[in-house]
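Asks: Pasting data_39.txt here (compact mmCIF, C-alpha atoms):
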```txt
# COMPACT_ATOMS: atom_id res chain seq x y z
CA MET A 212 6.63 -30.09 -9.68
CA ASN A 213 7.42 -32.76 -7.08
CA PRO A 214 4.25 -33.13 -4.98
CA THR A 215 6.35 -33.44 -1.80
CA GLN A 216 8.06 -30.13 -2.48
CA LYS A 217 6.53 -27.00 -1.04
CA GLY A 218 5.51 -24.25 -3.40
CA THR A 219 6.53 -20.62 -3.44
CA LEU A 220 4.70 -17.50 -2.31
CA TYR A 221 5.60 -14.55 -4.52
CA LEU A 222 4.92 -11.03 -3.23
CA VAL A 223 4.17 -9.25 -6.50
CA ALA A 224 4.12 -5.46 -6.64
CA THR A 225 1.47 -4.18 -9.05
CA PRO A 226 0.79 -0.72 -10.54
CA ILE A 227 -0.58 2.00 -8.29
CA GLY A 228 -2.48 3.49 -11.21
CA ASN A 229 -0.79 3.27 -14.59
CA LEU A 230 -0.97 -0.35 -15.77
CA LYS A 231 2.20 0.14 -17.83
CA ASP A 232 4.18 0.20 -14.59
CA LEU A 233 3.97 -3.58 -14.17
CA THR A 234 7.51 -4.96 -14.37
CA PHE A 235 8.55 -7.72 -16.79
CA ARG A 236 9.33 -10.01 -13.88
CA ALA A 237 5.97 -9.39 -12.22
CA LEU A 238 4.24 -10.22 -15.50
CA GLU A 239 6.23 -13.44 -15.75
CA ILE A 240 5.25 -14.52 -12.23
CA LEU A 241 1.56 -13.72 -12.74
CA LYS A 242 1.59 -15.84 -15.90
CA LYS A 243 3.18 -18.86 -14.24
CA ALA A 244 1.32 -18.71 -10.92
CA ASP A 245 -1.23 -21.41 -10.16
CA ALA A 246 -3.39 -18.86 -8.33
CA VAL A 247 -3.37 -15.19 -7.39
CA ALA A 248 -4.35 -14.12 -3.88
CA CYS A 249 -5.73 -10.58 -4.03
CA GLU A 250 -7.58 -8.04 -1.91
CA ASP A 251 -10.39 -7.29 -4.34
CA THR A 252 -10.91 -9.55 -7.34
CA ARG A 253 -12.68 -6.69 -9.12
CA GLU A 254 -9.48 -4.63 -9.01
CA THR A 255 -7.06 -7.44 -9.84
CA ILE A 256 -9.13 -8.69 -12.77
CA LYS A 257 -8.60 -5.32 -14.51
CA LEU A 258 -4.84 -5.90 -14.45
CA MET A 259 -5.16 -9.55 -15.45
CA ASN A 260 -7.45 -8.72 -18.37
CA HIS A 261 -5.15 -5.94 -19.54
CA TYR A 262 -2.31 -8.45 -19.89
CA HIS A 263 -4.58 -11.30 -21.11
CA ILE A 264 -3.87 -13.52 -18.10
CA LYS A 265 -6.44 -16.03 -16.90
CA LYS A 266 -5.78 -17.42 -13.42
CA ARG A 267 -7.68 -18.54 -10.38
CA LEU A 268 -8.23 -15.51 -8.15
CA ILE A 269 -8.52 -16.06 -4.41
CA SER A 270 -10.21 -13.19 -2.58
CA TYR A 271 -8.01 -12.35 0.40
CA TYR A 272 -9.17 -9.20 2.12
CA HIS A 273 -9.43 -7.53 5.52
CA PRO A 274 -11.03 -8.40 7.91
CA ARG A 275 -11.62 -11.93 6.60
CA GLU A 276 -8.09 -12.76 5.49
CA LYS A 277 -7.70 -15.39 8.23
CA GLN A 278 -10.49 -17.43 6.66
CA LYS A 279 -8.49 -17.86 3.45
CA ILE A 280 -5.05 -18.49 4.99
CA PRO A 281 -5.59 -22.28 5.47
CA LEU A 282 -6.63 -22.63 1.80
CA ILE A 283 -3.61 -20.72 0.51
CA ILE A 284 -1.16 -22.48 2.83
CA ASN A 285 -2.58 -25.84 1.77
CA LEU A 286 -2.04 -24.97 -1.90
CA LEU A 287 1.53 -23.97 -1.13
CA LYS A 288 2.12 -27.24 0.71
CA GLN A 289 0.93 -29.04 -2.42
CA GLY A 290 3.74 -27.37 -4.34
CA LYS A 291 1.65 -24.65 -5.97
CA ILE A 292 2.92 -21.22 -6.97
CA ILE A 293 0.88 -18.44 -5.40
CA ALA A 294 1.21 -14.76 -6.29
CA LEU A 295 0.10 -12.38 -3.57
CA VAL A 296 -0.95 -8.94 -4.80
CA SER A 297 -2.62 -5.94 -3.20
CA ASP A 298 -5.16 -3.70 -4.92
CA ALA A 299 -2.24 -1.46 -5.85
CA GLY A 300 1.45 -1.27 -4.99
CA THR A 301 3.57 -3.59 -2.90
CA PRO A 302 1.80 -6.32 -0.90
CA GLY A 303 2.53 -6.43 2.81
CA LEU A 304 2.49 -2.63 3.24
CA SER A 305 -0.74 -1.59 4.98
CA ASP A 306 -2.78 -4.37 3.41
CA PRO A 307 -3.94 -7.87 4.44
CA GLY A 308 -0.68 -9.51 3.31
CA TYR A 309 1.12 -9.63 6.64
CA PRO A 310 -0.87 -12.49 8.31
CA LEU A 311 -0.38 -14.74 5.27
CA ILE A 312 3.33 -13.94 5.04
CA ARG A 313 3.78 -14.68 8.73
CA GLU A 314 1.91 -18.00 8.44
CA ALA A 315 3.90 -19.04 5.37
CA LEU A 316 7.13 -18.44 7.29
CA LYS A 317 5.84 -20.64 10.13
CA HIS A 318 5.41 -23.45 7.60
CA GLN A 319 8.87 -22.83 6.15
CA ILE A 320 7.43 -21.90 2.76
CA LYS A 321 9.71 -20.00 0.44
CA ILE A 322 8.76 -16.35 -0.02
CA VAL A 323 10.13 -14.33 -2.92
CA PRO A 324 9.72 -10.55 -3.31
CA ILE A 325 8.98 -9.20 -6.78
CA PRO A 326 9.69 -5.48 -6.26
CA GLY A 327 8.02 -2.72 -8.17
CA PRO A 328 5.51 0.11 -7.69
CA SER A 329 4.77 1.53 -4.26
CA ALA A 330 2.96 4.74 -3.37
CA LEU A 331 5.42 5.18 -0.52
CA THR A 332 8.57 5.15 -2.67
CA ALA A 333 6.89 7.05 -5.49
CA ALA A 334 5.81 9.96 -3.29
CA LEU A 335 8.83 10.40 -1.03
CA PRO A 336 11.50 11.36 -3.61
CA VAL A 337 9.30 13.96 -5.32
CA SER A 338 7.96 15.45 -2.08
CA GLY A 339 10.93 17.72 -1.54
CA LEU A 340 10.97 16.66 2.12
CA PRO A 341 14.02 14.95 3.68
CA SER A 342 14.18 11.36 2.43
CA HIS A 343 17.26 10.08 4.28
CA ARG A 344 15.12 9.30 7.32
CA PHE A 345 11.39 8.63 7.26
CA LEU A 346 8.73 6.90 9.32
CA PHE A 347 5.97 5.04 7.47
CA LEU A 348 2.80 4.88 9.57
CA GLY A 349 0.28 3.36 7.17
CA PHE A 350 -3.36 4.33 7.70
CA PRO A 351 -4.06 6.46 10.78
CA PRO A 352 -6.56 5.20 13.38
CA VAL A 353 -10.21 5.63 12.47
CA LYS A 354 -11.16 7.38 15.70
CA LYS A 355 -10.09 11.00 16.13
CA THR A 356 -8.95 10.48 19.73
CA ALA A 357 -6.63 7.65 18.66
CA SER A 358 -5.23 9.69 15.76
CA LYS A 359 -4.63 12.63 18.07
CA LYS A 360 -2.79 10.39 20.53
CA LEU A 361 -0.63 8.99 17.71
CA LEU A 362 0.25 12.44 16.38
CA SER A 363 1.06 13.64 19.90
CA SER A 364 3.57 10.80 20.26
CA LEU A 365 5.26 11.95 17.04
CA LYS A 366 5.59 15.62 17.98
CA ASN A 367 9.36 15.39 18.48
CA GLU A 368 10.03 12.81 15.73
CA PRO A 369 12.65 14.22 13.32
CA SER A 370 11.84 11.81 10.49
CA THR A 371 9.55 12.67 7.59
CA LEU A 372 6.17 11.16 8.52
CA ILE A 373 4.26 9.24 5.86
CA PHE A 374 0.60 8.21 6.04
CA TYR A 375 -1.86 6.58 3.67
CA LEU A 376 -5.44 7.74 3.93
CA PRO A 377 -8.63 8.16 1.89
CA THR A 378 -8.64 11.61 0.28
CA ARG A 379 -12.05 12.41 1.77
CA LYS A 380 -10.44 12.32 5.23
CA ILE A 381 -7.71 14.83 4.37
CA PRO A 382 -9.53 17.98 5.66
CA SER A 383 -10.13 16.55 9.14
CA PHE A 384 -6.71 14.89 9.39
CA VAL A 385 -4.78 17.97 8.22
CA GLU A 386 -6.76 20.04 10.72
CA LEU A 387 -5.69 17.60 13.43
CA ILE A 388 -2.07 17.77 12.27
CA ASN A 389 -2.15 21.55 12.46
CA GLU A 390 -3.66 21.38 15.94
CA VAL A 391 -1.25 18.79 17.37
CA LEU A 392 1.99 19.28 15.43
CA GLY A 393 1.67 22.92 14.45
CA PRO A 394 2.08 24.39 10.93
CA ARG A 395 4.40 21.79 9.38
CA ASN A 396 5.42 21.64 5.72
CA MET A 397 3.61 18.78 4.05
CA VAL A 398 2.79 17.20 0.70
CA ILE A 399 -0.40 15.53 -0.48
CA ALA A 400 0.28 13.07 -3.32
CA ARG A 401 -2.83 11.77 -5.06
CA GLU A 402 -3.66 9.91 -8.27
CA MET A 403 0.04 9.17 -8.77
CA THR A 404 0.95 7.76 -12.23
CA LYS A 405 -2.58 8.54 -13.46
CA VAL A 406 -3.88 11.26 -15.77
CA TYR A 407 -4.88 13.56 -12.91
CA GLU A 408 -1.73 13.09 -10.83
CA GLN A 409 -1.48 15.88 -8.28
CA PHE A 410 1.03 17.03 -5.66
CA VAL A 411 -0.18 19.67 -3.23
CA ARG A 412 2.64 21.31 -1.24
CA GLY A 413 2.56 23.83 1.58
CA THR A 414 2.13 24.14 5.32
CA SER A 415 -0.83 22.52 7.03
CA GLN A 416 -2.34 26.01 7.34
CA ASP A 417 -1.88 26.71 3.61
CA ILE A 418 -3.50 23.41 2.66
CA LEU A 419 -6.47 23.99 4.94
CA LYS A 420 -7.06 27.36 3.26
CA ASN A 421 -7.02 25.80 -0.21
CA ILE A 422 -8.58 22.41 0.52
CA SER A 423 -11.61 23.22 -1.66
CA SER A 424 -9.42 22.95 -4.78
CA LEU A 425 -8.60 19.30 -4.03
CA THR A 426 -10.66 16.50 -5.55
CA LEU A 427 -11.67 14.45 -2.53
CA LYS A 428 -11.77 10.91 -3.88
CA GLY A 429 -9.42 7.95 -4.05
CA GLU A 430 -6.50 7.29 -1.73
CA THR A 431 -3.67 9.63 -0.87
CA THR A 432 -0.12 9.52 0.38
CA LEU A 433 0.45 12.26 2.93
CA LEU A 434 3.97 13.34 3.85
CA ILE A 435 4.73 15.60 6.80
CA GLU A 436 7.96 17.35 7.69
CA GLY A 437 9.61 15.99 10.83
CA SER A 438 10.39 17.99 13.94
CA ARG A 439 13.29 20.41 13.55
```
Go through the file and emit its structure as structure tokens.
Replies:
Amino acid sequence: MNPTQKGTLYLVATPIGNLKDLTFRALEILKKADAVACEDTRETIKLMNHYHIKKRLISYYHPREKQKIPLIINLLKQGKIIALVSDAGTPGLSDPGYPLIREALKHQIKIVPIPGPSALTAALPVSGLPSHRFLFLGFPPVKKTASKKLLSSLKNEPSTLIFYLPTRKIPSFVELINEVLGPRNMVIAREMTKVYEQFVRGTSQDILKNISSLTLKGETTLLIEGSR
């Protein structure tokens, strides 16, 4: 590659569980990349080893992502190909990818999306909730007061609401939903594409009654019916 030519930042979607869900194009990019920027090298190395790919892995994780941005931007300015991946799914959605993407755009570096798996798009169609209009909210605030304020602001939102959250936090968050929004229909999607894939459907009251049957580990996509 011409050393004066800037490189390319590829946003590579990776499996959310089942490693067979990696697309052919994503595999091609990971093989030709000069380095892979990832949240947790321990997670990404599992995927790389599965496909027998050996590449330089650059740990790029919250809250220290800003420390690695100069290194990655410098590599891109040298004409290198960098693949940005998250621990699972599409980078840039509720992960540390946004600051790097924004900085690359400031430096007029080419950014190419390599679409593929996403917990958001996997869960919504099978939820049975309206999919023509939805609001993706990422991870809710850590503090209960902030989460309550957010939910209160969404009380009259007609869109299907979608959150990511650790499964262990489901009982307290569903209880808060029931308190603030009332008994809405909702779906808990966990372990998607894996052996123990599970979809729990019902009202917030139903789910609270049966929460003991849910394995509280891993991350979950939570979908809530909008206001009628």
Asks: For a quick check of understanding, using all atoms listed in the file, which of A:Leu233, A:Val223, A:Val385, A:Leu331 has the smallest distance to Leu419 in chain A?
Replies: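 Answer, going by the shortest atom-to-atom distance: A:Val385.
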Asks: Skipping near chain neighbours, those fewer than 5 positions away, what residues fall within 10 Å of Lys243 in chain A using all atoms listed in the file, listed as an MDAnalysis selection string?
Replies: chainID A and resid 238 264 266 292:294
Asks: Need the neighbours of (0.6, 18.1, -6.6): which residues are at most 8 Å away, counting only C-alpha atoms, as a ChimeraX atom specification?
Replies: /A:398-401,408-412
Asks: Nearest to Ser424 in chain A: which of A:Ala237, A:Glu368, A:Phe350, A:Pro382 is it, counting only C-alpha atoms?
Replies: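 Closest candidate: A:Pro382.
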Asks: Check the smallest atom-to-atom distance from each of A:Leu268, A:Val296, A:Ile256, A:Val247 to Gly327 in chain A using all atoms listed in the file, then report the winner.
Replies: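 Looking only at the distances to Gly327 in chain A, the closest residue turns out to be A:Val296.
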Asks: What's the separation between CA of Ala299 in chain A and CA of Asn229 in chain A, in Å to one decimal place?
Replies: 10.0 Å
Asks: Measure the distance from CA of Leu427 in chain A to CA of Pro341 in chain A in Å and round it to one decimal.
Replies: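 Interatomic distance here is 26.4 Å.
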Asks: Here is a test: counting only C-alpha atoms, which residue of A:Leu304, A:Ile284, A:Ala334, A:Ile240 is nearest to Gln319 in chain A?
Replies: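 Closest to Gln319 in chain A of all the choices is A:Ile284.
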Asks: Determine the nearest neighbour of Lys217 in chain A from the options A:Asp251, A:Gly290, A:Arg236, A:Asp306, counting all atoms listed in the file.
Replies: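 Using all atoms listed in the file, Lys217 in chain A sits closest to A:Gly290.
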Asks: Report as a ChimeraX atom specification all protein, DNA and RNA residues lying within 9 Å of Lys321 in chain A, evaluated on all atoms listed in the file, omitting residues in the same chain fewer than 6 positions from it.
Replies: /A:217-221,315
Asks: Write the residues of the preceding selection, restricted to C-alpha atoms, as a PDB file, in the frame of the given file.
Replies:
```
ATOM      1  CA  LYS A 217       6.530 -27.000  -1.040  1.00  0.00           C
ATOM      2  CA  GLY A 218       5.510 -24.250  -3.400  1.00  0.00           C
ATOM      3  CA  THR A 219       6.530 -20.620  -3.440  1.00  0.00           C
ATOM      4  CA  LEU A 220       4.700 -17.500  -2.310  1.00  0.00           C
ATOM      5  CA  TYR A 221       5.600 -14.550  -4.520  1.00  0.00           C
ATOM      6  CA  ALA A 315       3.900 -19.040   5.370  1.00  0.00           C
TER       7      ALA A 315
END
```
Asks: Between A:Ala333, A:Val406, A:Leu230, A:Val323, which has the minimum distance to Met259 in chain A (counting all atoms listed in the file)?
Replies: A:Leu230
